[in-house]
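Engineer: One structure, pasted below without further comment.
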Amino acid sequence: MQIDVTGERAPAPPDWVPVERRFWGMDRATLVPAGLVAVLVAVAMWALPGINRSIEVEDPVRAGDVIRLEGVEFDPAAGWNIDQGLRASEPPVSGSFTKIAQVSSGAFSVTIVSDGFDGTPRQLLAQLQDNNDRLKQTVVIDTGRASTLTNLRGDRGAIARFTSAGTGGLIAAYVFDGTGVEIVVMGPDQGDDDQVESQIATMIRSVRPVTEGATS
Amino acid sequence: MTGQDLLDRRARSADAVGWGARVNWNQPRNACLWVFVATIAYGVWYTISQVRSQGPAYGTALSISALIFTVYAVLFWWFTTRIDRYSRQPVDLRVAAFVWGGFAATWAIALQGNTALLGLYSKLGSQQFAIDWGAGLAAPFMEELGKGSGVLLLLFIARRVIRTAFDGFVIGAFVGLGFEIIEDILYSLQAAPSNFGVDPVGSSIHIALLRLGTGFTSHILYSAIFGAGVVYLVGTVAQRRRIGRGLILCAIAMVLHGVWDSNGALAGGSAFIFVLLAGEIILAGIIVVIVYHVVVEPERSAMRDLMAPEAENGTITEEELTAVAGAWKQRRTFRRAGGVLDRRRRAHRLEAARDLADALGSAGGEETERTAFARAELARFEATSSAT
């Protein structure tokens with residue numbers, strides 16, 4: 001092998017980074033844009049979600065509040081916290097209510113989902129179990145022992161217990177003229193709080209379809 | 001100007017706009033490349049985990065929507081490649097832009113950031129405010145910055161290739177295309193469990209069709225404008241830094257996006273939403289055409305410099321030079337000028353002249369076997385006395 005010692009400068013290979021342009025081995029010119037994008041990724045992935053998690057939602061239900069979802073509404077118990085969902089008295093400008101609402105009190109939570117469904121409340125419970133099976137979830141709804149429940153308007157629904165890994169609760173379903181409603185109640189199993197149980201029962205029975213021109 | 005002046009100018013222009021330059025992906029000292037690869041790796045990992053969890057349950061819905069959007073992607077890939085008529089972006093750079101848009105901008109930046117911002121708007125404002133204005137105040141920031149950051153990284157990875165605002169425009173469009181396709185597939189997949197999962201395929205197709213109808217005026221268009229803005233903001237050897245113009249273009253993309261995502265609230269839930277949608281599509285179309293004409297000028301000028309010696313030596317005519325370095329109107333005028341019978345030959349002449357420009361640009365203006373062959377190809381379609 002021959003080494004050129006004439007001192008003539010060979011042309012630089014493509015993308016060669018001269019030593020004086022390096023910082024810790026990296027091309028200085030690329031550090032600022034790379035840093036900016038890394039900061040953006042860090043803000044999106046960690047900073048904003050962290051700030052969001054650190055802020056608690058405090059929106060207690062006042063007596064007389066009605067929470068409305070797409071096509072249905074219910075009367076949440078006063079004092080419970082609205083984690084998700086809109087009051088019927090405060091509709092969004094777009095007029096589109098959400099399909100999910102959740103209220104909680106201590107370790108108890110009630111989640112209500114509304115969406116299109118043609119069938120009976122028991123068929124809706126069976127469909128929900130099918131979905132769990134499809135997603136290979138460990139949730140098991142005891143559809144075989146589902147009971148009938150009636151809301152304050154006289155519409156019939158179905159209610160059953162469900163179990164999951166280390167937890168459990170109640171799941172209820174109504175179907176109002178093409179709109180299905182899924183209600184999931186979670187809370188401590190050995191709970192012995194009659195007042196909370198009564199509030200939950202009242203909330204489940206208050207679920208009803210939104211009638212045309214209804215105002216709350 | 002002498003023939004030698006024209007040749008010198010040709011070489012300078014080809015070098016300035018990075019005509020024919022290739023991307024070197026082996027740049028271990030380039031911090032942008034590491035951030036680019038790491039963020040995409042996270043996005044690919046996230047996609048695989050999503051497909052593994054949702055795929056078995058909604059596999060058919062996922063497959064059908066993926067198929068629909070693949071056809072859509074091919075169509076827009078072709079369209080975006082067609083508008084890149086001058087110093088074309090190499091295919092590996094276009095693929096890299098698409099992959100960043102599809103996997104990094106979506107999962108690592110937009111999804112996480114949007115979700116957190118919507119939560120914050122809901123908690124610090126109200127749930128009502130978040131429903132009405134949340135998307136319009138989250139997506140323009142997280143999505144446009146996420147996609148634009150891909151253009152920024154590629155600008156520093158492919159410094160010899162991305163030289164003009166038009167390059168940023170084209171690369172931005174490919175980032176937007178990747179984002180659009182993967183986001184649409186996600187939306188379709190997310191729609192599968194709606195209506196309590198009774199008809200996952202029908203629900204997915206419904207969303208897919210809805211997204212297809214409005215796709216073009218969204219991510220591809222916004223990112224193209226934003227991408228041009230990024231090049232103006234940073235500046236290159238061929239494009240001096242113009243911060244004001246760059247900021248305006250980035251802001252236009254974000255405002256268009258924000259307004260589009262706030263249509264429900266702006267229309268107040270009324271049928272006026274259709275008027276708004278139509279108006280915004282037309283406005284966005286007008287804006288992107290104006291931006292295109294502004295950013296494409298240096299590329300056309302480079303094309304003229306590249307081919308001017310060919311007009312000088314008689315390989316092409318002045319009329320052909322004007323057409324090949326001009327807009328579609330000039331090309332159409334040229335094709336029609338010889339009447340119906342000569343139209344096809346004239347179209348071939350233009351395409352062959354473009355090939356010669358590509359060969360000359362890739363060779364840095366030097367004569368090579370390829371340029372000689374391209375010139376011979378051009379001569380095959382020279383006008384004969386019976387077809388002028």
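The chains in the structure tokens are called A, B, ... from first to last as shown; in each chain the residues are counted from 1, and the ligands are counted from 1 in the order shown.
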Considering only C-alpha atoms, give me a table of residues in chain A that are at most 7 Å from chain B, with the closest atom pair and distance in Å for each, as JSON lines.
Structural biologist:
{"residue": "A:Gly25", "atom": "CA", "partner": "B:Arg29", "partner_atom": "CA", "distance": 6.3}
{"residue": "A:Met26", "atom": "CA", "partner": "B:Arg29", "partner_atom": "CA", "distance": 4.3}
{"residue": "A:Asp27", "atom": "CA", "partner": "B:Arg29", "partner_atom": "CA", "distance": 5.4}
{"residue": "A:Thr30", "atom": "CA", "partner": "B:Ala31", "partner_atom": "CA", "distance": 5.5}
{"residue": "A:Leu31", "atom": "CA", "partner": "B:Ala31", "partner_atom": "CA", "distance": 5.8}
{"residue": "A:Pro33", "atom": "CA", "partner": "B:Leu153", "partner_atom": "CA", "distance": 6.7}
{"residue": "A:Ala34", "atom": "CA", "partner": "B:Cys32", "partner_atom": "CA", "distance": 4.6}
{"residue": "A:Val37", "atom": "CA", "partner": "B:Ser149", "partner_atom": "CA", "distance": 6.0}
{"residue": "A:Ala38", "atom": "CA", "partner": "B:Val35", "partner_atom": "CA", "distance": 6.7}
{"residue": "A:Val41", "atom": "CA", "partner": "B:Ile109", "partner_atom": "CA", "distance": 5.6}
{"residue": "A:Ala44", "atom": "CA", "partner": "B:Gly113", "partner_atom": "CA", "distance": 4.2}
{"residue": "A:Met45", "atom": "CA", "partner": "B:Gln112", "partner_atom": "CA", "distance": 5.5}
{"residue": "A:Leu48", "atom": "CA", "partner": "B:Ala116", "partner_atom": "CA", "distance": 5.6}
{"residue": "A:Pro49", "atom": "CA", "partner": "B:Ala116", "partner_atom": "CA", "distance": 4.8}
{"residue": "A:Asn52", "atom": "CA", "partner": "B:Leu120", "partner_atom": "CA", "distance": 5.6}
{"residue": "A:Val57", "atom": "CA", "partner": "B:Lys123", "partner_atom": "CA", "distance": 5.9}
{"residue": "A:Leu86", "atom": "CA", "partner": "B:Gln127", "partner_atom": "CA", "distance": 6.7}
{"residue": "A:Pro91", "atom": "CA", "partner": "B:Gln128", "partner_atom": "CA", "distance": 6.9}
{"residue": "A:Pro92", "atom": "CA", "partner": "B:Gln128", "partner_atom": "CA", "distance": 5.1}
{"residue": "A:Val93", "atom": "CA", "partner": "B:Gly268", "partner_atom": "CA", "distance": 5.1}
{"residue": "A:Ser94", "atom": "CA", "partner": "B:Gly269", "partner_atom": "CA", "distance": 4.2}
{"residue": "A:Gly95", "atom": "CA", "partner": "B:Gly269", "partner_atom": "CA", "distance": 5.2}
{"residue": "A:Asp115", "atom": "CA", "partner": "B:Asn195", "partner_atom": "CA", "distance": 5.2}
{"residue": "A:Gly116", "atom": "CA", "partner": "B:Asn195", "partner_atom": "CA", "distance": 4.8}
{"residue": "A:Phe117", "atom": "CA", "partner": "B:Asn195", "partner_atom": "CA", "distance": 5.9}
{"residue": "A:Leu128", "atom": "CA", "partner": "B:Phe196", "partner_atom": "CA", "distance": 6.9}
{"residue": "A:Asn131", "atom": "CA", "partner": "B:Gly197", "partner_atom": "CA", "distance": 6.7}
{"residue": "A:Arg134", "atom": "CA", "partner": "B:Ala57", "partner_atom": "CA", "distance": 4.9}
{"residue": "A:Leu135", "atom": "CA", "partner": "B:Ala57", "partner_atom": "CA", "distance": 5.3}
Engineer: I need the residue nearest Val103 in chain A from this list: A:Met203, A:Val139, A:Val72, A:Leu152. Use only C-alpha atoms for the distance.
Structural biologist: A:Met203
Engineer: Name all residues at most 6 Å from range 74-82 of chain A (count only C-alpha atoms; drop same-chain ones fewer than 4 positions away) and give them as a list of chain:residue names.
Structural biologist: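 Counting only C-alpha atoms, the residues come to A:Asp59, A:Pro60, A:Val61, A:Arg62, A:Ala63, A:Val66, A:Ile67, A:Val103, A:Ser104, A:Ser105, A:Gln199, A:Met203, A:Ser206, A:Val207.
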Engineer: For Ala146 in chain A, find every residue with an atom within 7 Å (counting only C-alpha atoms), except residues of its own chain fewer than 4 positions away, and show them as a count of residues only.
Structural biologist: 4
Engineer: What does the distance from CA of Leu125 in chain A to CA of Ile185 in chain B come to in Å, to one decimal?
Structural biologist: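 Separation between CA of Leu125 in chain A and CA of Ile185 in chain B: 28.6 Å.
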Engineer: Mind checking DSSP for range 47-211 of chain B and telling me the alpha helix (DSSP H) residues as a ChimeraX atom specification?
Structural biologist: /B:47-83,91-99,112-120,127-129,135-157,165-191,200-211
